[in-house]
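Raw contents of final.pdb, PDB, C-alpha atoms:
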ATOM      1  CA  MET A   1      -8.759   5.316  -8.389
ATOM      2  CA  LEU A   2      -9.570   8.311  -6.191
ATOM      3  CA  ALA A   3      -6.125   9.782  -6.802
ATOM      4  CA  MET A   4      -6.648   9.237 -10.535
ATOM      5  CA  TRP A   5      -9.930  11.177 -10.592
ATOM      6  CA  LEU A   6      -8.448  14.024  -8.522
ATOM      7  CA  THR A   7      -5.453  14.333 -10.841
ATOM      8  CA  GLY A   8      -7.409  14.033 -14.076
ATOM      9  CA  GLY A   9     -10.067  16.506 -13.017
ATOM     10  CA  PHE A  10      -7.635  19.250 -12.069
ATOM     11  CA  MET A  11      -5.517  18.708 -15.186
ATOM     12  CA  LEU A  12      -8.215  20.411 -17.288
ATOM     13  CA  ALA A  13      -8.113  23.491 -15.058
ATOM     14  CA  GLU A  14      -4.323  23.678 -15.410
ATOM     15  CA  VAL A  15      -4.484  23.487 -19.205
ATOM     16  CA  VAL A  16      -6.911  26.410 -19.356
ATOM     17  CA  GLY A  17      -4.977  28.383 -16.744
ATOM     18  CA  GLY A  18      -1.637  27.743 -18.419
ATOM     19  CA  LEU A  19      -2.921  28.948 -21.778
ATOM     20  CA  VAL A  20      -4.540  32.062 -20.303
ATOM     21  CA  ALA A  21      -1.544  32.969 -18.114
ATOM     22  CA  GLY A  22       1.057  31.964 -20.686
ATOM     23  CA  SER A  23       2.847  29.924 -18.007
ATOM     24  CA  LEU A  24       5.175  27.116 -19.053
ATOM     25  CA  ALA A  25       5.263  25.876 -15.460
ATOM     26  CA  LEU A  26       1.481  25.357 -15.459
ATOM     27  CA  LEU A  27       1.397  23.777 -18.935
ATOM     28  CA  ALA A  28       4.310  21.503 -18.049
ATOM     29  CA  ASP A  29       2.547  20.464 -14.859
ATOM     30  CA  ALA A  30      -0.683  19.880 -16.814
ATOM     31  CA  GLY A  31       1.167  17.624 -19.237
ATOM     32  CA  HIS A  32       2.640  15.779 -16.311
ATOM     33  CA  MET A  33      -0.788  15.432 -14.722
ATOM     34  CA  LEU A  34      -2.154  14.012 -17.981
ATOM     35  CA  SER A  35       0.490  11.301 -17.932
ATOM     36  CA  ASP A  36      -0.177  10.814 -14.230
ATOM     37  CA  THR A  37      -3.852  10.193 -14.878
ATOM     38  CA  VAL A  38      -2.973   7.514 -17.412
ATOM     39  CA  SER A  39      -0.270   6.102 -15.129
ATOM     40  CA  LEU A  40      -2.559   5.976 -12.118
ATOM     41  CA  ALA A  41      -5.143   4.189 -14.247
ATOM     42  CA  LEU A  42      -2.444   1.731 -15.322
ATOM     43  CA  ALA A  43      -1.322   1.202 -11.721
ATOM     44  CA  TRP A  44      -4.916   0.664 -10.559
ATOM     45  CA  GLY A  45      -5.519  -1.794 -13.398
ATOM     46  CA  ALA A  46      -2.291  -3.623 -12.541
ATOM     47  CA  PHE A  47      -3.449  -4.140  -8.952
ATOM     48  CA  ARG A  48      -6.810  -5.453 -10.128
ATOM     49  CA  LEU A  49      -5.215  -7.719 -12.728
ATOM     50  CA  GLY A  50      -2.571  -8.911 -10.264
ATOM     51  CA  HIS A  51      -5.237 -10.563  -8.113
ATOM     52  CA  ARG A  52      -6.487 -12.786 -10.937
ATOM     53  CA  ALA A  53      -5.896 -16.492 -10.518
ATOM     54  CA  ALA A  54      -3.091 -18.292 -12.338
ATOM     55  CA  THR A  55      -3.876 -20.115 -15.569
ATOM     56  CA  ARG A  56      -2.278 -22.977 -17.484
ATOM     57  CA  LYS A  57      -0.519 -20.483 -19.748
ATOM     58  CA  LEU A  58       0.378 -18.080 -16.911
ATOM     59  CA  THR A  59       1.172 -20.466 -14.075
ATOM     60  CA  PHE A  60       2.583 -17.695 -11.878
ATOM     61  CA  GLY A  61      -0.511 -15.554 -12.382
ATOM     62  CA  TYR A  62      -0.545 -11.826 -13.184
ATOM     63  CA  ALA A  63       1.418 -10.421 -10.239
ATOM     64  CA  ARG A  64       4.376  -9.472 -12.470
ATOM     65  CA  PHE A  65       2.102  -7.057 -14.382
ATOM     66  CA  GLN A  66       2.482  -4.637 -11.454
ATOM     67  CA  VAL A  67       6.246  -4.500 -12.032
ATOM     68  CA  LEU A  68       5.697  -4.001 -15.757
ATOM     69  CA  ALA A  69       3.335  -1.101 -15.003
ATOM     70  CA  ALA A  70       5.984   0.447 -12.731
ATOM     71  CA  PHE A  71       8.588   0.118 -15.501
ATOM     72  CA  VAL A  72       6.304   1.818 -18.033
ATOM     73  CA  ASN A  73       5.508   4.576 -15.536
ATOM     74  CA  GLY A  74       9.209   5.147 -14.921
ATOM     75  CA  LEU A  75       9.947   5.438 -18.642
ATOM     76  CA  THR A  76       7.038   7.865 -19.029
ATOM     77  CA  LEU A  77       8.436  10.034 -16.243
ATOM     78  CA  LEU A  78      11.834  10.104 -17.939
ATOM     79  CA  VAL A  79      10.295  11.284 -21.215
ATOM     80  CA  ILE A  80       8.228  13.949 -19.449
ATOM     81  CA  GLY A  81      11.204  15.206 -17.459
ATOM     82  CA  VAL A  82      13.367  15.577 -20.582
ATOM     83  CA  ALA A  83      10.505  17.311 -22.453
ATOM     84  CA  ILE A  84      10.071  19.848 -19.630
ATOM     85  CA  VAL A  85      13.811  20.605 -19.565
ATOM     86  CA  MET A  86      13.871  21.161 -23.353
ATOM     87  CA  ALA A  87      10.804  23.419 -23.223
ATOM     88  CA  ALA A  88      12.332  25.397 -20.353
ATOM     89  CA  LEU A  89      15.596  25.905 -22.267
ATOM     90  CA  LYS A  90      13.620  27.160 -25.254
ATOM     91  CA  ARG A  91      11.669  29.564 -23.028
ATOM     92  CA  LEU A  92      14.923  30.850 -21.515
ATOM     93  CA  TRP A  93      16.210  31.594 -25.020
ATOM     94  CA  LEU A  94      12.923  33.146 -26.164
ATOM     95  CA  PRO A  95      11.236  34.601 -23.041
ATOM     96  CA  SER A  96       7.553  35.529 -23.027
ATOM     97  CA  GLU A  97       5.233  37.393 -20.671
ATOM     98  CA  VAL A  98       3.581  35.425 -17.852
ATOM     99  CA  LEU A  99       0.374  36.467 -16.024
ATOM    100  CA  ALA A 100       1.439  35.779 -12.449
ATOM    101  CA  GLY A 101      -1.974  36.283 -10.798
ATOM    102  CA  PRO A 102      -3.955  33.502 -12.565
ATOM    103  CA  MET A 103      -0.847  31.337 -12.483
ATOM    104  CA  LEU A 104      -0.598  31.635  -8.681
ATOM    105  CA  ALA A 105      -4.291  30.876  -8.103
ATOM    106  CA  ILE A 106      -4.263  27.719 -10.209
ATOM    107  CA  ALA A 107      -0.916  26.558  -8.816
ATOM    108  CA  VAL A 108      -2.207  26.819  -5.225
ATOM    109  CA  LEU A 109      -5.309  24.794  -6.099
ATOM    110  CA  GLY A 110      -3.086  22.254  -7.839
ATOM    111  CA  LEU A 111      -0.913  21.951  -4.751
ATOM    112  CA  VAL A 112      -3.975  21.161  -2.619
ATOM    113  CA  VAL A 113      -5.129  18.477  -5.079
ATOM    114  CA  ASN A 114      -1.668  16.929  -5.287
ATOM    115  CA  ILE A 115      -1.252  16.857  -1.510
ATOM    116  CA  ALA A 116      -4.581  15.048  -1.246
ATOM    117  CA  ALA A 117      -3.573  12.492  -3.890
ATOM    118  CA  PHE A 118      -0.148  12.040  -2.271
ATOM    119  CA  TRP A 119      -1.734  11.447   1.131
ATOM    120  CA  ILE A 120      -4.076   8.823  -0.335
ATOM    121  CA  LEU A 121      -1.262   6.903  -2.034
ATOM    122  CA  HIS A 122       1.235   7.284   0.815
ATOM    123  CA  LYS A 123      -0.987   5.131   3.046
ATOM    124  CA  GLY A 124      -0.225   2.120   0.812
ATOM    125  CA  ASP A 125       2.719  -0.298   0.717
ATOM    126  CA  GLN A 126       5.777   1.829  -0.075
ATOM    127  CA  ASP A 127       7.847  -1.229  -1.046
ATOM    128  CA  ASN A 128       5.440  -2.059  -3.863
ATOM    129  CA  LEU A 129       7.022  -0.871  -7.134
ATOM    130  CA  ASN A 130       3.660  -0.307  -8.799
ATOM    131  CA  LEU A 131       2.432   1.941  -5.992
ATOM    132  CA  ARG A 132       5.822   3.631  -5.802
ATOM    133  CA  GLY A 133       5.591   4.483  -9.496
ATOM    134  CA  ALA A 134       2.161   6.038  -9.026
ATOM    135  CA  LEU A 135       3.404   7.931  -5.969
ATOM    136  CA  LEU A 136       6.406   9.304  -7.872
ATOM    137  CA  HIS A 137       4.094  10.633 -10.578
ATOM    138  CA  VAL A 138       2.026  12.461  -7.966
ATOM    139  CA  MET A 139       5.195  13.675  -6.238
ATOM    140  CA  GLY A 140       6.301  15.127  -9.566
ATOM    141  CA  ASP A 141       2.975  16.956  -9.838
ATOM    142  CA  LEU A 142       3.378  18.267  -6.311
ATOM    143  CA  LEU A 143       6.849  19.592  -7.107
ATOM    144  CA  GLY A 144       5.498  21.178 -10.281
ATOM    145  CA  SER A 145       2.812  22.990  -8.309
ATOM    146  CA  VAL A 146       5.369  24.242  -5.779
ATOM    147  CA  ALA A 147       7.615  25.440  -8.630
ATOM    148  CA  ALA A 148       4.686  27.272 -10.246
ATOM    149  CA  ILE A 149       3.771  28.958  -6.945
ATOM    150  CA  ILE A 150       7.321  30.157  -6.326
ATOM    151  CA  ALA A 151       7.719  31.293  -9.933
ATOM    152  CA  SER A 152       4.461  33.278  -9.839
ATOM    153  CA  LEU A 153       5.466  34.989  -6.588
ATOM    154  CA  VAL A 154       8.870  35.906  -8.018
ATOM    155  CA  ILE A 155       7.252  37.302 -11.183
ATOM    156  CA  MET A 156       4.679  39.271  -9.171
ATOM    157  CA  THR A 157       7.313  40.871  -6.948
ATOM    158  CA  THR A 158      10.202  41.358  -9.398
ATOM    159  CA  GLY A 159       8.732  41.010 -12.895
ATOM    160  CA  TRP A 160      11.462  38.464 -13.722
ATOM    161  CA  ASN A 161       9.681  36.079 -16.130
ATOM    162  CA  GLN A 162      12.725  33.792 -16.353
ATOM    163  CA  ALA A 163      11.773  32.362 -12.963
ATOM    164  CA  ASP A 164       9.015  30.337 -14.681
ATOM    165  CA  PRO A 165      11.254  28.154 -16.921
ATOM    166  CA  LEU A 166      14.082  27.975 -14.368
ATOM    167  CA  LEU A 167      11.876  26.545 -11.615
ATOM    168  CA  SER A 168      10.178  24.252 -14.140
ATOM    169  CA  MET A 169      13.618  22.876 -14.978
ATOM    170  CA  LEU A 170      14.434  22.337 -11.294
ATOM    171  CA  ALA A 171      11.216  20.366 -10.772
ATOM    172  CA  ALA A 172      11.976  18.310 -13.893
ATOM    173  CA  VAL A 173      15.433  17.358 -12.574
ATOM    174  CA  LEU A 174      13.878  16.081  -9.348
ATOM    175  CA  ILE A 175      11.337  14.094 -11.408
ATOM    176  CA  LEU A 176      14.121  12.564 -13.515
ATOM    177  CA  ARG A 177      16.007  11.422 -10.435
ATOM    178  CA  GLY A 178      13.020   9.524  -9.026
ATOM    179  CA  ALA A 179      12.110   8.141 -12.459
ATOM    180  CA  TRP A 180      15.584   6.698 -13.030
ATOM    181  CA  SER A 181      15.486   4.945  -9.650
ATOM    182  CA  LEU A 182      12.086   3.449 -10.464
ATOM    183  CA  VAL A 183      13.208   2.239 -13.902
ATOM    184  CA  LYS A 184      16.331   0.603 -12.437
ATOM    185  CA  ARG A 185      14.434  -1.200  -9.670
ATOM    186  CA  SER A 186      11.623  -2.445 -11.894
ATOM    187  CA  ALA A 187      14.056  -3.510 -14.645
ATOM    188  CA  HIS A 188      16.067  -5.425 -12.029
ATOM    189  CA  THR A 189      12.944  -7.371 -11.091
ATOM    190  CA  LEU A 190      11.944  -7.972 -14.715
ATOM    191  CA  LEU A 191      15.451  -9.350 -15.373
ATOM    192  CA  GLU A 192      14.972 -11.857 -12.524
ATOM    193  CA  GLY A 193      17.515 -10.052 -10.346
ATOM    194  CA  THR A 194      18.018 -10.972  -6.716
ATOM    195  CA  PRO A 195      15.561  -8.985  -4.536
ATOM    196  CA  GLU A 196      17.241  -6.125  -2.684
ATOM    197  CA  GLN A 197      16.472  -7.582   0.750
ATOM    198  CA  LEU A 198      18.232 -10.887  -0.002
ATOM    199  CA  ASP A 199      21.972 -11.646   0.014
ATOM    200  CA  HIS A 200      22.975 -14.580  -2.199
ATOM    201  CA  GLU A 201      26.215 -15.382  -0.348
ATOM    202  CA  GLU A 202      24.589 -15.100   3.078
ATOM    203  CA  ILE A 203      21.790 -17.496   2.131
ATOM    204  CA  GLN A 204      24.198 -19.990   0.593
ATOM    205  CA  ALA A 205      26.420 -19.906   3.676
ATOM    206  CA  GLY A 206      23.411 -20.373   5.943
ATOM    207  CA  LEU A 207      22.211 -23.398   3.983
ATOM    208  CA  LEU A 208      25.623 -25.052   4.347
ATOM    209  CA  THR A 209      25.329 -24.898   8.137
ATOM    210  CA  LEU A 210      22.184 -27.027   8.144
ATOM    211  CA  GLU A 211      22.466 -30.608   9.387
ATOM    212  CA  GLY A 212      22.586 -33.106   6.539
ATOM    213  CA  VAL A 213      23.553 -30.561   3.856
ATOM    214  CA  ASP A 214      26.860 -31.432   2.201
ATOM    215  CA  GLY A 215      26.741 -28.913  -0.667
ATOM    216  CA  VAL A 216      24.618 -26.282  -2.444
ATOM    217  CA  HIS A 217      24.679 -25.234  -6.091
ATOM    218  CA  ASP A 218      22.471 -23.651  -8.765
ATOM    219  CA  LEU A 219      20.979 -21.308  -6.160
ATOM    220  CA  HIS A 220      18.709 -18.807  -7.898
ATOM    221  CA  LEU A 221      16.880 -15.977  -6.129
ATOM    222  CA  TRP A 222      14.335 -13.781  -7.857
ATOM    223  CA  GLY A 223      10.768 -12.562  -7.392
ATOM    224  CA  LEU A 224       7.509 -12.054  -9.210
ATOM    225  CA  THR A 225       7.548  -8.757  -7.339
ATOM    226  CA  PRO A 226      10.099  -7.513  -4.775
ATOM    227  CA  GLN A 227       7.615  -8.511  -2.048
ATOM    228  CA  SER A 228       7.273 -12.146  -3.231
ATOM    229  CA  PRO A 229      10.764 -13.701  -3.441
ATOM    230  CA  VAL A 230      11.258 -17.111  -5.048
ATOM    231  CA  ALA A 231      14.176 -19.550  -4.723
ATOM    232  CA  SER A 232      15.335 -22.675  -6.531
ATOM    233  CA  LEU A 233      18.440 -24.667  -5.641
ATOM    234  CA  HIS A 234      20.176 -28.034  -5.704
ATOM    235  CA  VAL A 235      21.197 -29.526  -2.355
ATOM    236  CA  VAL A 236      23.689 -32.358  -1.976
ATOM    237  CA  VAL A 237      22.568 -34.535   0.933
ATOM    238  CA  ALA A 238      25.313 -35.876   3.225
ATOM    239  CA  ASP A 239      25.781 -39.624   3.552
ATOM    240  CA  THR A 240      24.351 -39.490   7.062
ATOM    241  CA  GLY A 241      21.463 -37.213   6.106
ATOM    242  CA  ILE A 242      17.823 -38.221   5.660
ATOM    243  CA  PRO A 243      16.469 -36.571   2.463
ATOM    244  CA  GLY A 244      13.017 -35.779   3.853
ATOM    245  CA  GLU A 245      14.435 -34.129   6.955
ATOM    246  CA  VAL A 246      17.019 -32.171   4.939
ATOM    247  CA  LEU A 247      14.254 -30.863   2.673
ATOM    248  CA  GLU A 248      12.232 -29.694   5.683
ATOM    249  CA  ARG A 249      15.276 -27.938   7.196
ATOM    250  CA  VAL A 250      16.057 -26.123   3.933
ATOM    251  CA  GLN A 251      12.464 -24.946   3.458
ATOM    252  CA  ALA A 252      12.141 -23.885   7.121
ATOM    253  CA  TYR A 253      15.431 -21.956   6.999
ATOM    254  CA  LEU A 254      14.470 -20.041   3.849
ATOM    255  CA  LEU A 255      10.988 -19.244   5.181
ATOM    256  CA  ASP A 256      11.870 -18.338   8.774
ATOM    257  CA  THR A 257      15.137 -16.492   8.111
ATOM    258  CA  HIS A 258      14.509 -14.880   4.717
ATOM    259  CA  ALA A 259      10.687 -14.964   4.253
ATOM    260  CA  ILE A 260      10.952 -17.056   1.068
ATOM    261  CA  SER A 261       7.855 -19.240   0.915
ATOM    262  CA  HIS A 262       8.012 -20.354  -2.729
ATOM    263  CA  VAL A 263      11.006 -22.742  -2.874
ATOM    264  CA  THR A 264      11.958 -25.470  -5.346
ATOM    265  CA  VAL A 265      14.651 -27.840  -4.014
ATOM    266  CA  GLN A 266      16.338 -30.628  -5.929
ATOM    267  CA  LEU A 267      18.024 -33.129  -3.597
ATOM    268  CA  GLU A 268      21.102 -34.974  -4.826
ATOM    269  CA  GLY A 269      22.943 -37.914  -3.326
ATOM    270  CA  GLU A 270      26.301 -37.210  -4.971
ATOM    271  CA  ALA A 271      28.560 -34.196  -5.167
ATOM    272  CA  CYS A 272      27.822 -32.074  -8.227
ATOM    273  CA  LEU A 273      30.251 -32.002 -11.141
ATOM    274  CA  GLN A 274      30.622 -28.216 -11.279
ATOM    275  CA  GLY A 275      29.488 -25.017  -9.570
ATOM    276  CA  CYS A 276      28.952 -26.679  -6.207
ATOM    277  CA  VAL A 277      29.677 -24.981  -2.903
ATOM    278  CA  SER A 278      30.391 -27.480  -0.138
ATOM    279  CA  ARG A 279      31.194 -27.243   3.535
TER     280      ARG A 279
END

I need this file expressed as structure tokens, please.
Amino acid sequence: MLAMWLTGGFMLAEVVGGLVAGSLALLADAGHMLSDTVSLALAWGAFRLGHRAATRKLTFGYARFQVLAAFVNGLTLLVIGVAIVMAALKRLWLPSEVLAGPMLAIAVLGLVVNIAAFWILHKGDQDNLNLRGALLHVMGDLLGSVAAIIASLVIMTTGWNQADPLLSMLAAVLILRGAWSLVKRSAHTLLEGTPEQLDHEEIQAGLLTLEGVDGVHDLHLWGLTPQSPVASLHVVVADTGIPGEVLERVQAYLLDTHAISHVTVQLEGEACLQGCVSR
């Protein structure tokens, strides 16, 4: 919330400064900060909503909303990055005068605000997609401020106004790279993909080494969020195995070795008809 207020408050100063100085870099950064304010509000709301208790209609609760917020933030960053590149290309084709002095002053203040917001968010869980999305938005702002500072210095010393759109384009490319990574990771989670820290084949092989386990099939690994992996599987119990003990071994292995606490195991007394992996 603090990062949101810092970003939103300074956005107004950048809009005014960008219009007065005629700087595309400042206006582009202001547009990015506007989306960041909304995105930070969305991320904050997702954290608050994610702590609500599960209901009969949402038996897993609201934790997945954080991943959805990260996905939306990633898509927003992609749109903003493309818009900045297009505006920069237009400015390169039709250059205009830029007032470097006001541009430099506002860009330096923006850098200070963005560093403060980045420091606040960087203290959180960096593996959380929702927080990572918010952090990438602020990182994009920080890069925009740096680009505006460099562009204003170049214009002040050389009078080369093309530095403004060129550096804006460079910052946009860096934003697009981070945005694409965020979209891919959040989409992977939304599609029930296997969490990055888990290896399907390794887990299946480990289960087959447990005493009393004769086969494993229908092993599914996913997560409400990347930090909360879930597993479901069918286990064929050996003739000499005791079902209750086999169940305990499977659950203990998944928890102790792979930190999977939410496990659904179906025990079977006969070999499966298809898709089974046995010893």

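Within the 8 Å cut-off around Gly223 in chain A, using all atoms listed in the file and omitting residues fewer than 2 positions from it on the same chain, the listed residues are A:Thr189, A:Glu192, A:Gly193, A:Thr194, A:Pro195, A:Leu221, A:Thr225, A:Pro226, A:Gln227, A:Ser228, A:Pro229, A:Val230.
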
Resulting file, chosen residues, C-alpha atoms, as an mmCIF file, in the coordinates of the input:
data_model
loop_
_atom_site.group_PDB
_atom_site.id
_atom_site.type_symbol
_atom_site.label_atom_id
_atom_site.label_comp_id
_atom_site.auth_asym_id
_atom_site.auth_seq_id
_atom_site.Cartn_x
_atom_site.Cartn_y
_atom_site.Cartn_z
ATOM 1 C CA THR A 189 12.944 -7.371 -11.091
ATOM 2 C CA GLU A 192 14.972 -11.857 -12.524
ATOM 3 C CA GLY A 193 17.515 -10.052 -10.346
ATOM 4 C CA THR A 194 18.018 -10.972 -6.716
ATOM 5 C CA PRO A 195 15.561 -8.985 -4.536
ATOM 6 C CA LEU A 221 16.880 -15.977 -6.129
ATOM 7 C CA THR A 225 7.548 -8.757 -7.339
ATOM 8 C CA PRO A 226 10.099 -7.513 -4.775
ATOM 9 C CA GLN A 227 7.615 -8.511 -2.048
ATOM 10 C CA SER A 228 7.273 -12.146 -3.231
ATOM 11 C CA PRO A 229 10.764 -13.701 -3.441
ATOM 12 C CA VAL A 230 11.258 -17.111 -5.048
#

Nearest to Leu131 in chain A, chosen from A:Leu19, A:Leu254, A:Val67, A:Leu99, with only C-alpha atoms counted in the distances: A:Val67

Any chance you could work out the residue set of the PyMOL selection byres ((chain A and resi 262) around 8) here, as a list in words?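 Evaluating the PyMOL selection byres ((chain A and resi 262) around 8) on this file yields Pro229, Val230, Ala231, Ile260, Ser261, Val263 and Thr264 of chain A.
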
Closest contacts (range 140-187 of chain A/range 3-15 of chain A, max 12 Å, all atoms listed in the file) as a tab-separated table:
residue	atom	partner	partner_atom	distance
A:Gly140	CA	A:Thr7	CA	11.8
A:Asp141	CA	A:Thr7	CA	8.9
A:Leu142	CA	A:Thr7	CA	10.7
A:Gly144	CA	A:Glu14	CA	11.4
A:Ser145	CA	A:Glu14	CA	10.1
A:Ala148	CA	A:Glu14	CA	11.0

Could you tell me, as a compact mmCIF listing (two decimals) with C-alpha atoms, in the frame of the given file, exactly which residues end up selected when the PyMOL selection byres ((chain A and resi 40-44) around 7) is applied to this structure?
# COMPACT_ATOMS: atom_id res chain seq x y z
CA MET A 1 -8.76 5.32 -8.39
CA MET A 4 -6.65 9.24 -10.54
CA ASP A 36 -0.18 10.81 -14.23
CA THR A 37 -3.85 10.19 -14.88
CA VAL A 38 -2.97 7.51 -17.41
CA SER A 39 -0.27 6.10 -15.13
CA GLY A 45 -5.52 -1.79 -13.40
CA ALA A 46 -2.29 -3.62 -12.54
CA PHE A 47 -3.45 -4.14 -8.95
CA ARG A 48 -6.81 -5.45 -10.13
CA GLN A 66 2.48 -4.64 -11.45
CA ALA A 69 3.34 -1.10 -15.00
CA ASN A 130 3.66 -0.31 -8.80
CA LEU A 131 2.43 1.94 -5.99
CA ALA A 134 2.16 6.04 -9.03

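Run against this file, the PyMOL selection byres ((chain A and resi 203) around 10) gives back Leu198, Asp199, His200, Glu201, Glu202, Gln204, Ala205, Gly206, Leu207, Leu208, Leu219, Leu221, Tyr253, Leu254, Thr257 and His258 of chain A.
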
Please reconstruct the missing atoms of range 224-243 of chain A (target: N, CA and C atoms) and return them as a tab-separated table (two decimals), in the frame of the given file.
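Result went into result_19.tsv, see below:
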chain	number	residue	atom	x	y	z
A	224	LEU	N	8.56	-12.56	-8.32
A	224	LEU	CA	7.51	-12.05	-9.21
A	224	LEU	C	7.37	-10.55	-9.01
A	225	THR	N	7.44	-10.15	-7.75
A	225	THR	CA	7.55	-8.76	-7.34
A	225	THR	C	8.59	-8.72	-6.23
A	226	PRO	N	9.12	-7.55	-5.87
A	226	PRO	CA	10.10	-7.51	-4.78
A	226	PRO	C	9.55	-8.05	-3.46
A	227	GLN	N	8.22	-8.04	-3.29
A	227	GLN	CA	7.62	-8.51	-2.05
A	227	GLN	C	7.35	-10.02	-2.05
A	228	SER	N	7.57	-10.71	-3.16
A	228	SER	CA	7.27	-12.15	-3.23
A	228	SER	C	8.49	-12.88	-3.79
A	229	PRO	N	9.55	-13.04	-2.98
A	229	PRO	CA	10.76	-13.70	-3.44
A	229	PRO	C	10.55	-15.19	-3.71
A	230	VAL	N	11.33	-15.71	-4.64
A	230	VAL	CA	11.26	-17.11	-5.05
A	230	VAL	C	12.68	-17.66	-5.07
A	231	ALA	N	12.85	-18.93	-4.72
A	231	ALA	CA	14.18	-19.55	-4.72
A	231	ALA	C	14.11	-20.94	-5.34
A	232	SER	N	15.17	-21.30	-6.05
A	232	SER	CA	15.34	-22.68	-6.53
A	232	SER	C	16.81	-23.04	-6.33
A	233	LEU	N	17.07	-24.27	-5.95
A	233	LEU	CA	18.44	-24.67	-5.64
A	233	LEU	C	18.59	-26.18	-5.66
A	234	HIS	N	19.83	-26.62	-5.81
A	234	HIS	CA	20.18	-28.03	-5.70
A	234	HIS	C	20.92	-28.23	-4.39
A	235	VAL	N	20.57	-29.24	-3.63
A	235	VAL	CA	21.20	-29.53	-2.36
A	235	VAL	C	21.77	-30.94	-2.39
A	236	VAL	N	23.05	-31.04	-2.08
A	236	VAL	CA	23.69	-32.36	-1.98
A	236	VAL	C	23.52	-32.85	-0.54
A	237	VAL	N	22.85	-33.99	-0.39
A	237	VAL	CA	22.57	-34.53	0.93
A	237	VAL	C	23.77	-35.35	1.41
A	238	ALA	N	24.19	-35.13	2.64
A	238	ALA	CA	25.31	-35.88	3.22
A	238	ALA	C	24.96	-37.35	3.36
A	239	ASP	N	26.00	-38.18	3.44
A	239	ASP	CA	25.78	-39.62	3.55
A	239	ASP	C	24.94	-39.98	4.77
A	240	THR	N	25.09	-39.20	5.82
A	240	THR	CA	24.35	-39.49	7.06
A	240	THR	C	22.99	-38.79	7.11
A	241	GLY	N	22.70	-37.99	6.10
A	241	GLY	CA	21.46	-37.21	6.11
A	241	GLY	C	20.27	-37.99	5.61
A	242	ILE	N	19.09	-37.63	6.10
A	242	ILE	CA	17.82	-38.22	5.66
A	242	ILE	C	17.16	-37.20	4.74
A	243	PRO	N	16.97	-37.54	3.45
A	243	PRO	CA	16.47	-36.57	2.46
A	243	PRO	C	15.23	-35.79	2.91
